Amino acid sequence: MSTLHRRAALALLAAASVCTAPTAWGQDKVLRFGVGLYQPDKEKNDATYRPLAQHLAKQLGREVKLYTVDSWEGLAKSLAAGETDIALMGPWGYVLANHVAGAQAVATILYDNKPEYHAIMVTHPGSGIRSVADLKGKTFAFGDKGSTSGYLIPYHHFQKQGLEPETFLGKVLHTKHQAIELQVTRRELDAGADYNRNRDAMIAEGLIKASDSVVFWTSDPLPNDAVAVRAELARDAAFVAQLRAALASVGPALKANPALLPPRYSGFVPKDNAFYKPIRDAGLATGKLNTR
């Protein structure tokens, strides 16, 4: 991303934070719960996370309105603008919303009881690709530019190898995680960036076969997706404590109601902004996040 484009993207977030005035908490009892697009489409995503929204509503004693935002960048902007009260979002999107508008993480989702996951790069078995160095001149898909594992972390890895993706790769695309996996297995793409949780889920659901793709790069552990609140709510210590308690109750409640979270997700653990420092550091190192 050029300096001009980077500044424009951050300016959009900044504009969103001032152009839409957040509704005062005391005047609006409905909590607007934005969720990133983890499933192949919005309808399935809403159905997947509706039980969680209903559980939180019961625990908090307030109506929780669930909606899906179809890009990580869009969800970050929505939280920054005060259009979203609570968000379940990717780490990079959270860091952007925190950097621009003071959104704060209150918890991290657990996957197989762990608060961390991995970015990966995948290819198909016949590509001959075994490392990033083998990608020269190949077609490669990143996720959208608000994605941690689909964009920021793999982009950072390219840069650490002294490679600029736009010139090193033959063709660069930006698309959704599920599409990347499907297109790689169909050999429509040479390779692409994803995250281990998405690949695991697609294999488990029969959307792709494990044998049709190869993971040739895996990142260091990254903090899992954040539950974040907009800046105004973050200053309400009583609400934050109540929300953390509601989220902590999800893990035990899964035994009676497994539909509260997708398979292999096991609850939430309290975390704050400091947990996302590795993502912030990568944003600064790549120049995707400007210093203040």
# chains A, B, ... in the order shown; residues from 1 in each chain; ligands from 1
$ select_by_dssp --residues "stretch 105-290 of chain A" --states "strand (DSSP E or B)" --output "short mmCIF file (atom, residue, chain, number, x, y, z; two decimals) with all heavy atoms, in the first residue's frame"
data_model
loop_
_atom_site.label_atom_id
_atom_site.label_comp_id
_atom_site.auth_asym_id
_atom_site.auth_seq_id
_atom_site.Cartn_x
_atom_site.Cartn_y
_atom_site.Cartn_z
N ALA A 105 -10.36 -3.64 23.71
CA ALA A 105 -10.60 -5.07 23.85
C ALA A 105 -10.99 -5.38 25.29
O ALA A 105 -10.40 -4.83 26.23
CB ALA A 105 -9.36 -5.86 23.46
N VAL A 106 -11.97 -6.25 25.46
CA VAL A 106 -12.36 -6.69 26.80
C VAL A 106 -12.17 -8.20 26.97
O VAL A 106 -12.10 -8.70 28.10
CB VAL A 106 -13.82 -6.31 27.13
CG1 VAL A 106 -13.99 -4.80 27.10
CG2 VAL A 106 -14.80 -6.99 26.19
N ALA A 107 -12.08 -8.93 25.86
CA ALA A 107 -11.93 -10.38 25.94
C ALA A 107 -11.39 -10.90 24.61
O ALA A 107 -11.42 -10.22 23.58
CB ALA A 107 -13.26 -11.05 26.27
N THR A 108 -10.92 -12.14 24.65
CA THR A 108 -10.43 -12.85 23.47
C THR A 108 -11.14 -14.19 23.39
O THR A 108 -11.35 -14.85 24.41
CB THR A 108 -8.91 -13.06 23.56
OG1 THR A 108 -8.26 -11.79 23.53
CG2 THR A 108 -8.39 -13.91 22.41
N ILE A 109 -11.51 -14.58 22.19
CA ILE A 109 -12.19 -15.87 22.02
C ILE A 109 -11.17 -17.00 22.12
O ILE A 109 -9.99 -16.84 21.75
CB ILE A 109 -12.95 -15.92 20.68
CG1 ILE A 109 -14.02 -17.01 20.70
CG2 ILE A 109 -12.00 -16.08 19.49
CD1 ILE A 109 -15.04 -16.91 19.57
N LEU A 110 -11.62 -18.14 22.63
CA LEU A 110 -10.78 -19.31 22.77
C LEU A 110 -11.09 -20.33 21.68
O LEU A 110 -12.26 -20.58 21.38
CB LEU A 110 -11.00 -19.97 24.14
CG LEU A 110 -10.63 -19.13 25.38
CD1 LEU A 110 -11.11 -19.84 26.64
CD2 LEU A 110 -9.13 -18.89 25.44
N TYR A 111 -10.05 -20.91 21.12
CA TYR A 111 -10.19 -21.96 20.11
C TYR A 111 -9.41 -23.16 20.62
O TYR A 111 -8.21 -23.05 20.89
CB TYR A 111 -9.63 -21.48 18.78
CG TYR A 111 -9.77 -22.46 17.63
CD1 TYR A 111 -10.99 -22.62 16.98
CD2 TYR A 111 -8.68 -23.20 17.18
CE1 TYR A 111 -11.11 -23.50 15.92
CE2 TYR A 111 -8.80 -24.08 16.12
CZ TYR A 111 -10.02 -24.23 15.49
OH TYR A 111 -10.15 -25.10 14.43
N LYS A 114 -7.49 -22.30 23.59
CA LYS A 114 -6.31 -21.44 23.46
C LYS A 114 -6.72 -20.05 22.96
O LYS A 114 -7.60 -19.94 22.10
CB LYS A 114 -5.31 -22.05 22.49
CG LYS A 114 -4.76 -23.40 22.94
CD LYS A 114 -3.84 -23.99 21.89
CE LYS A 114 -3.34 -25.37 22.30
NZ LYS A 114 -2.49 -25.98 21.25
N GLU A 116 -4.92 -18.13 21.14
CA GLU A 116 -4.05 -17.77 20.01
C GLU A 116 -4.32 -18.66 18.81
O GLU A 116 -4.87 -19.75 18.94
CB GLU A 116 -2.58 -17.88 20.42
CG GLU A 116 -2.17 -16.91 21.52
CD GLU A 116 -0.78 -17.17 22.06
OE1 GLU A 116 -0.45 -18.35 22.28
OE2 GLU A 116 -0.04 -16.19 22.28
N TYR A 117 -3.92 -18.19 17.64
CA TYR A 117 -4.09 -18.95 16.40
C TYR A 117 -2.90 -18.66 15.49
O TYR A 117 -1.93 -18.02 15.90
CB TYR A 117 -5.41 -18.60 15.73
CG TYR A 117 -5.43 -17.25 15.02
CD1 TYR A 117 -5.59 -17.17 13.64
CD2 TYR A 117 -5.30 -16.05 15.73
CE1 TYR A 117 -5.63 -15.94 12.98
CE2 TYR A 117 -5.34 -14.83 15.09
CZ TYR A 117 -5.50 -14.78 13.72
OH TYR A 117 -5.53 -13.56 13.08
N ALA A 119 -1.63 -17.53 11.36
CA ALA A 119 -1.80 -17.24 9.94
C ALA A 119 -1.07 -18.33 9.16
O ALA A 119 -0.06 -18.87 9.62
CB ALA A 119 -1.21 -15.87 9.61
N ILE A 120 -1.60 -18.64 7.99
CA ILE A 120 -0.97 -19.66 7.15
C ILE A 120 -0.97 -19.19 5.70
O ILE A 120 -1.69 -18.26 5.32
CB ILE A 120 -1.71 -21.02 7.24
CG1 ILE A 120 -3.18 -20.88 6.81
CG2 ILE A 120 -1.60 -21.59 8.65
CD1 ILE A 120 -3.95 -22.20 6.77
N MET A 121 -0.14 -19.84 4.89
CA MET A 121 -0.21 -19.70 3.44
C MET A 121 -0.41 -21.09 2.88
O MET A 121 0.23 -22.05 3.32
CB MET A 121 1.05 -19.07 2.87
CG MET A 121 1.30 -17.64 3.30
SD MET A 121 2.73 -16.91 2.43
CE MET A 121 3.14 -15.57 3.54
N VAL A 122 -1.32 -21.19 1.91
CA VAL A 122 -1.67 -22.49 1.33
C VAL A 122 -1.46 -22.49 -0.17
O VAL A 122 -1.53 -21.45 -0.84
CB VAL A 122 -3.13 -22.87 1.66
CG1 VAL A 122 -3.32 -23.05 3.15
CG2 VAL A 122 -4.10 -21.83 1.11
N THR A 123 -1.21 -23.67 -0.69
CA THR A 123 -1.09 -23.87 -2.12
C THR A 123 -1.69 -25.23 -2.46
O THR A 123 -2.11 -25.97 -1.56
CB THR A 123 0.38 -23.80 -2.56
OG1 THR A 123 0.45 -23.84 -4.00
CG2 THR A 123 1.21 -24.95 -2.00
N THR A 139 0.35 -16.39 -8.94
CA THR A 139 -0.87 -15.70 -8.51
C THR A 139 -1.08 -15.98 -7.02
O THR A 139 -0.98 -17.12 -6.57
CB THR A 139 -2.10 -16.18 -9.30
OG1 THR A 139 -2.24 -17.60 -9.17
CG2 THR A 139 -1.96 -15.82 -10.77
N PHE A 140 -1.38 -14.93 -6.28
CA PHE A 140 -1.50 -15.04 -4.82
C PHE A 140 -2.65 -14.17 -4.35
O PHE A 140 -2.81 -13.04 -4.80
CB PHE A 140 -0.20 -14.59 -4.15
CG PHE A 140 -0.15 -14.83 -2.66
CD1 PHE A 140 0.34 -16.02 -2.15
CD2 PHE A 140 -0.61 -13.85 -1.77
CE1 PHE A 140 0.39 -16.24 -0.78
CE2 PHE A 140 -0.57 -14.07 -0.41
CZ PHE A 140 -0.06 -15.27 0.10
N ALA A 141 -3.44 -14.71 -3.42
CA ALA A 141 -4.58 -13.96 -2.88
C ALA A 141 -4.37 -13.64 -1.40
O ALA A 141 -4.10 -14.54 -0.60
CB ALA A 141 -5.87 -14.74 -3.06
N PHE A 142 -4.48 -12.37 -1.08
CA PHE A 142 -4.59 -11.93 0.30
C PHE A 142 -6.07 -11.81 0.65
O PHE A 142 -6.92 -11.75 -0.23
CB PHE A 142 -3.95 -10.54 0.49
CG PHE A 142 -2.45 -10.52 0.39
CD1 PHE A 142 -1.81 -10.04 -0.75
CD2 PHE A 142 -1.66 -10.95 1.45
CE1 PHE A 142 -0.43 -9.98 -0.84
CE2 PHE A 142 -0.27 -10.89 1.38
CZ PHE A 142 0.35 -10.41 0.24
N LYS A 171 0.57 -11.94 -9.85
CA LYS A 171 -0.73 -11.28 -9.77
C LYS A 171 -1.21 -11.33 -8.33
O LYS A 171 -1.15 -12.39 -7.68
CB LYS A 171 -1.76 -11.98 -10.68
CG LYS A 171 -3.12 -11.30 -10.72
CD LYS A 171 -4.06 -12.01 -11.68
CE LYS A 171 -5.42 -11.33 -11.74
NZ LYS A 171 -6.35 -12.02 -12.67
N VAL A 172 -1.67 -10.21 -7.81
CA VAL A 172 -2.13 -10.12 -6.43
C VAL A 172 -3.63 -9.86 -6.41
O VAL A 172 -4.12 -8.93 -7.06
CB VAL A 172 -1.40 -9.01 -5.65
CG1 VAL A 172 -1.95 -8.88 -4.24
CG2 VAL A 172 0.10 -9.28 -5.62
N LEU A 173 -4.35 -10.68 -5.67
CA LEU A 173 -5.79 -10.51 -5.51
C LEU A 173 -6.11 -10.27 -4.03
O LEU A 173 -5.32 -10.61 -3.15
CB LEU A 173 -6.52 -11.78 -5.97
CG LEU A 173 -6.23 -12.28 -7.39
CD1 LEU A 173 -6.91 -13.62 -7.62
CD2 LEU A 173 -6.70 -11.26 -8.42
N HIS A 174 -7.29 -9.72 -3.78
CA HIS A 174 -7.81 -9.59 -2.42
C HIS A 174 -9.22 -10.15 -2.42
O HIS A 174 -10.09 -9.68 -3.17
CB HIS A 174 -7.82 -8.13 -1.99
CG HIS A 174 -6.46 -7.55 -1.76
ND1 HIS A 174 -5.82 -7.59 -0.54
CD2 HIS A 174 -5.61 -6.95 -2.63
CE1 HIS A 174 -4.63 -7.01 -0.65
NE2 HIS A 174 -4.48 -6.62 -1.91
N ALA A 191 -1.57 -19.79 -4.85
CA ALA A 191 -1.43 -19.79 -3.40
C ALA A 191 -2.23 -18.64 -2.80
O ALA A 191 -2.68 -17.74 -3.52
CB ALA A 191 0.04 -19.68 -3.00
N GLY A 192 -2.36 -18.67 -1.48
CA GLY A 192 -3.07 -17.59 -0.81
C GLY A 192 -2.86 -17.64 0.69
O GLY A 192 -2.30 -18.59 1.24
N ALA A 193 -3.29 -16.58 1.35
CA ALA A 193 -3.16 -16.44 2.80
C ALA A 193 -4.48 -16.77 3.49
O ALA A 193 -5.55 -16.43 3.00
CB ALA A 193 -2.72 -15.02 3.15
N ASP A 194 -4.38 -17.42 4.63
CA ASP A 194 -5.57 -17.78 5.40
C ASP A 194 -5.17 -17.91 6.87
O ASP A 194 -4.09 -17.47 7.26
CB ASP A 194 -6.16 -19.09 4.86
CG ASP A 194 -7.57 -19.38 5.38
OD1 ASP A 194 -8.26 -18.44 5.81
OD2 ASP A 194 -7.96 -20.56 5.36
N TYR A 195 -6.05 -18.52 7.67
CA TYR A 195 -5.70 -18.82 9.06
C TYR A 195 -6.15 -20.23 9.39
O TYR A 195 -7.08 -20.77 8.78
CB TYR A 195 -6.29 -17.80 10.03
CG TYR A 195 -7.79 -17.64 10.05
CD1 TYR A 195 -8.55 -18.09 11.11
CD2 TYR A 195 -8.46 -16.99 9.01
CE1 TYR A 195 -9.93 -17.92 11.15
CE2 TYR A 195 -9.83 -16.80 9.04
CZ TYR A 195 -10.56 -17.26 10.11
OH TYR A 195 -11.92 -17.08 10.14
N VAL A 214 -1.95 -27.59 0.56
CA VAL A 214 -0.75 -27.78 1.37
C VAL A 214 -0.45 -26.47 2.10
O VAL A 214 -0.42 -25.41 1.47
CB VAL A 214 0.46 -28.17 0.50
CG1 VAL A 214 1.73 -28.27 1.35
CG2 VAL A 214 0.19 -29.47 -0.24
N VAL A 215 -0.23 -26.55 3.40
CA VAL A 215 0.20 -25.39 4.17
C VAL A 215 1.72 -25.32 4.08
O VAL A 215 2.41 -26.22 4.53
CB VAL A 215 -0.24 -25.49 5.64
CG1 VAL A 215 0.29 -24.29 6.45
CG2 VAL A 215 -1.76 -25.57 5.76
N PHE A 216 2.24 -24.24 3.47
CA PHE A 216 3.69 -24.15 3.30
C PHE A 216 4.33 -23.07 4.18
O PHE A 216 5.56 -22.94 4.19
CB PHE A 216 4.06 -23.93 1.83
CG PHE A 216 3.62 -22.62 1.24
CD1 PHE A 216 4.45 -21.51 1.26
CD2 PHE A 216 2.37 -22.51 0.64
CE1 PHE A 216 4.06 -20.30 0.71
CE2 PHE A 216 1.96 -21.30 0.08
CZ PHE A 216 2.81 -20.20 0.12
N TRP A 217 3.52 -22.31 4.89
CA TRP A 217 4.06 -21.34 5.84
C TRP A 217 3.06 -21.15 6.97
O TRP A 217 1.85 -21.09 6.73
CB TRP A 217 4.32 -19.99 5.16
CG TRP A 217 4.75 -18.91 6.13
CD1 TRP A 217 6.00 -18.71 6.64
CD2 TRP A 217 3.91 -17.91 6.72
NE1 TRP A 217 5.99 -17.64 7.52
CE2 TRP A 217 4.72 -17.12 7.58
CE3 TRP A 217 2.55 -17.59 6.60
CZ2 TRP A 217 4.23 -16.05 8.31
CZ3 TRP A 217 2.05 -16.53 7.33
CH2 TRP A 217 2.88 -15.76 8.18
N THR A 218 3.57 -21.09 8.19
CA THR A 218 2.75 -20.87 9.38
C THR A 218 3.40 -19.78 10.23
O THR A 218 4.62 -19.81 10.47
CB THR A 218 2.62 -22.16 10.21
OG1 THR A 218 2.04 -23.18 9.39
CG2 THR A 218 1.76 -21.94 11.44
N LEU A 222 -0.57 -15.89 17.17
CA LEU A 222 -1.18 -14.56 17.12
C LEU A 222 -2.36 -14.52 18.09
O LEU A 222 -3.04 -15.53 18.28
CB LEU A 222 -1.70 -14.26 15.71
CG LEU A 222 -0.69 -14.38 14.57
CD1 LEU A 222 -1.41 -14.32 13.23
CD2 LEU A 222 0.35 -13.28 14.67
N PRO A 223 -2.66 -13.37 18.67
CA PRO A 223 -3.83 -13.29 19.55
C PRO A 223 -5.11 -13.52 18.76
O PRO A 223 -5.30 -12.97 17.68
CB PRO A 223 -3.76 -11.87 20.11
CG PRO A 223 -2.91 -11.10 19.16
CD PRO A 223 -1.94 -12.08 18.59
N ALA A 226 -10.81 -10.48 18.94
CA ALA A 226 -11.15 -9.69 20.12
C ALA A 226 -12.65 -9.47 20.21
O ALA A 226 -13.34 -9.34 19.20
CB ALA A 226 -10.45 -8.34 20.07
N VAL A 227 -13.14 -9.41 21.44
CA VAL A 227 -14.42 -8.77 21.70
C VAL A 227 -14.06 -7.36 22.16
O VAL A 227 -13.36 -7.18 23.17
CB VAL A 227 -15.24 -9.49 22.78
CG1 VAL A 227 -16.53 -8.71 23.06
CG2 VAL A 227 -15.56 -10.91 22.35
N ALA A 228 -14.47 -6.37 21.40
CA ALA A 228 -14.10 -4.98 21.68
C ALA A 228 -15.35 -4.14 21.85
O ALA A 228 -16.42 -4.47 21.30
CB ALA A 228 -13.25 -4.42 20.54
N VAL A 229 -15.22 -3.07 22.59
CA VAL A 229 -16.32 -2.12 22.77
C VAL A 229 -15.87 -0.74 22.33
O VAL A 229 -14.68 -0.40 22.38
CB VAL A 229 -16.82 -2.08 24.23
CG1 VAL A 229 -17.37 -3.43 24.64
CG2 VAL A 229 -15.72 -1.65 25.18
N TYR A 265 -14.60 -23.75 19.14
CA TYR A 265 -14.49 -22.54 19.95
C TYR A 265 -15.02 -22.87 21.34
O TYR A 265 -16.10 -23.48 21.47
CB TYR A 265 -15.28 -21.40 19.33
CG TYR A 265 -14.62 -20.83 18.09
CD1 TYR A 265 -14.90 -21.36 16.83
CD2 TYR A 265 -13.71 -19.79 18.18
CE1 TYR A 265 -14.29 -20.86 15.70
CE2 TYR A 265 -13.09 -19.28 17.05
CZ TYR A 265 -13.39 -19.82 15.81
OH TYR A 265 -12.78 -19.33 14.69
N SER A 266 -14.27 -22.48 22.37
CA SER A 266 -14.57 -23.01 23.71
C SER A 266 -14.88 -21.94 24.75
O SER A 266 -14.94 -22.24 25.93
CB SER A 266 -13.39 -23.88 24.19
OG SER A 266 -12.15 -23.22 23.99
N GLY A 267 -15.06 -20.69 24.34
CA GLY A 267 -15.42 -19.65 25.29
C GLY A 267 -14.60 -18.39 25.10
O GLY A 267 -14.04 -18.15 24.01
N PHE A 268 -14.51 -17.60 26.15
CA PHE A 268 -13.79 -16.33 26.10
C PHE A 268 -12.95 -16.18 27.37
O PHE A 268 -13.30 -16.71 28.43
CB PHE A 268 -14.77 -15.16 26.01
CG PHE A 268 -15.60 -15.15 24.76
CD1 PHE A 268 -16.81 -15.81 24.70
CD2 PHE A 268 -15.17 -14.46 23.63
CE1 PHE A 268 -17.58 -15.82 23.55
CE2 PHE A 268 -15.92 -14.45 22.47
CZ PHE A 268 -17.13 -15.12 22.43
N VAL A 269 -11.87 -15.44 27.24
CA VAL A 269 -11.02 -15.13 28.38
C VAL A 269 -10.80 -13.62 28.43
O VAL A 269 -10.62 -12.99 27.38
CB VAL A 269 -9.66 -15.88 28.28
CG1 VAL A 269 -8.89 -15.47 27.04
CG2 VAL A 269 -8.83 -15.70 29.53
N PRO A 270 -10.83 -13.00 29.60
CA PRO A 270 -10.61 -11.55 29.67
C PRO A 270 -9.22 -11.18 29.16
O PRO A 270 -8.22 -11.79 29.55
CB PRO A 270 -10.75 -11.24 31.16
CG PRO A 270 -11.57 -12.36 31.71
CD PRO A 270 -11.18 -13.56 30.92
#
$ select_by_dssp --residues "stretch 64-147 of chain A" --states "helix (DSSP H, G or I)" --output "list in words"
Trp72, Glu73, Gly74, Leu75, Ala76, Lys77, Ser78, Leu79, Ala80, Pro91, Trp92, Gly93, Tyr94, Val95, Leu96, Ala97, Asn98, His99, Val100, Ala101, Val132, Ala133, Asp134 and Leu135 of chain A
$ write_last_selection --atoms "C-alpha atoms" --output "compact mmCIF listing (two decimals), in the first residue's frame"
# COMPACT_ATOMS: atom_id res chain seq x y z
CA TRP A 72 -12.85 -6.62 8.66
CA GLU A 73 -12.09 -3.09 7.55
CA GLY A 74 -15.80 -2.29 7.50
CA LEU A 75 -16.30 -3.62 11.01
CA ALA A 76 -13.36 -1.55 12.28
CA LYS A 77 -14.89 1.56 10.73
CA SER A 78 -18.30 0.76 12.22
CA LEU A 79 -16.85 0.39 15.71
CA ALA A 80 -14.78 3.56 15.29
CA PRO A 91 -7.06 -8.59 15.71
CA TRP A 92 -5.93 -6.17 13.00
CA GLY A 93 -9.38 -4.64 12.65
CA TYR A 94 -9.42 -4.18 16.41
CA VAL A 95 -5.99 -2.51 16.42
CA LEU A 96 -7.17 -0.09 13.72
CA ALA A 97 -10.32 0.79 15.67
CA ASN A 98 -8.28 1.22 18.86
CA HIS A 99 -5.66 3.36 17.15
CA VAL A 100 -8.12 5.70 15.50
CA ALA A 101 -11.05 5.86 17.91
CA VAL A 132 7.66 -17.89 -0.01
CA ALA A 133 10.69 -17.77 -2.31
CA ASP A 134 8.83 -20.10 -4.70
CA LEU A 135 6.01 -17.59 -5.14
$ closest_residue --among "A:Ser149, A:Gln242, A:Asn273, A:Ser127" --to "A:His177" --atoms "only C-alpha atoms"
A:Ser149
$ residues_around --residues "stretch 50-66 of chain A" --least-positions-apart "5" --cutoff "10 Å" --atoms "only C-alpha atoms" --output "ChimeraX atom specification"
/A:29-35,44-45,84-87,239,242-243,245-247,249-250,253,257-262
$ atom_distance --atom1 "atom CA of A:Gly82" --atom2 "atom CA of A:Ala234"
11.9 Å
$ closest_residue --among "A:Glu188, A:Asn113, A:Ala231, A:Phe158" --to "A:Ser131" --atoms "only C-alpha atoms"
A:Phe158
$ residues_around --residues "A:Thr286" --least-positions-apart "6" --cutoff "9 Å" --atoms "only C-alpha atoms" --output "ChimeraX atom specification"
/A:152,155-156,159
$ atom_distance --atom1 "atom CA of A:Pro278" --atom2 "atom CA of A:Asn196"
17.9 Å
$ residues_around --residues "A:Lys42" --least-positions-apart "3" --cutoff "9 Å" --atoms "only C-alpha atoms" --output "list of chain:residue names"
A:Leu37, A:Tyr38, A:Gln39, A:Asn45, A:Asp46, A:Ala47, A:Tyr67, A:Thr68, A:Val69, A:Asp70
$ write_last_selection --atoms "N, CA, C and O atoms" --output "compact mmCIF listing (two decimals), in the first residue's frame"
# COMPACT_ATOMS: atom_id res chain seq x y z
N LEU A 37 -17.43 -11.50 9.13
CA LEU A 37 -17.95 -12.56 8.27
C LEU A 37 -17.06 -13.80 8.38
O LEU A 37 -16.11 -13.96 7.63
N TYR A 38 -17.38 -14.67 9.32
CA TYR A 38 -16.61 -15.90 9.54
C TYR A 38 -17.13 -17.05 8.69
O TYR A 38 -16.43 -18.02 8.46
N GLN A 39 -18.39 -16.95 8.26
CA GLN A 39 -19.03 -18.01 7.49
C GLN A 39 -19.11 -17.60 6.02
O GLN A 39 -18.86 -16.44 5.68
N ASN A 45 -23.79 -16.67 8.70
CA ASN A 45 -23.04 -16.02 9.78
C ASN A 45 -23.99 -15.56 10.89
O ASN A 45 -23.75 -15.78 12.08
N ASP A 46 -25.10 -14.92 10.48
CA ASP A 46 -26.09 -14.48 11.46
C ASP A 46 -26.66 -15.65 12.24
O ASP A 46 -26.81 -15.59 13.47
N ALA A 47 -26.96 -16.74 11.54
CA ALA A 47 -27.53 -17.91 12.20
C ALA A 47 -26.52 -18.52 13.18
O ALA A 47 -26.91 -19.00 14.26
N TYR A 67 -25.66 -8.16 13.95
CA TYR A 67 -25.56 -8.01 12.50
C TYR A 67 -24.15 -8.35 12.05
O TYR A 67 -23.18 -8.21 12.79
N THR A 68 -24.06 -8.83 10.81
CA THR A 68 -22.79 -9.21 10.21
C THR A 68 -22.26 -8.07 9.36
O THR A 68 -23.00 -7.46 8.59
N VAL A 69 -20.98 -7.78 9.48
CA VAL A 69 -20.29 -6.82 8.61
C VAL A 69 -19.36 -7.63 7.73
O VAL A 69 -18.55 -8.42 8.23
N ASP A 70 -19.46 -7.46 6.42
CA ASP A 70 -18.81 -8.41 5.51
C ASP A 70 -17.33 -8.16 5.23
O ASP A 70 -16.73 -8.87 4.43
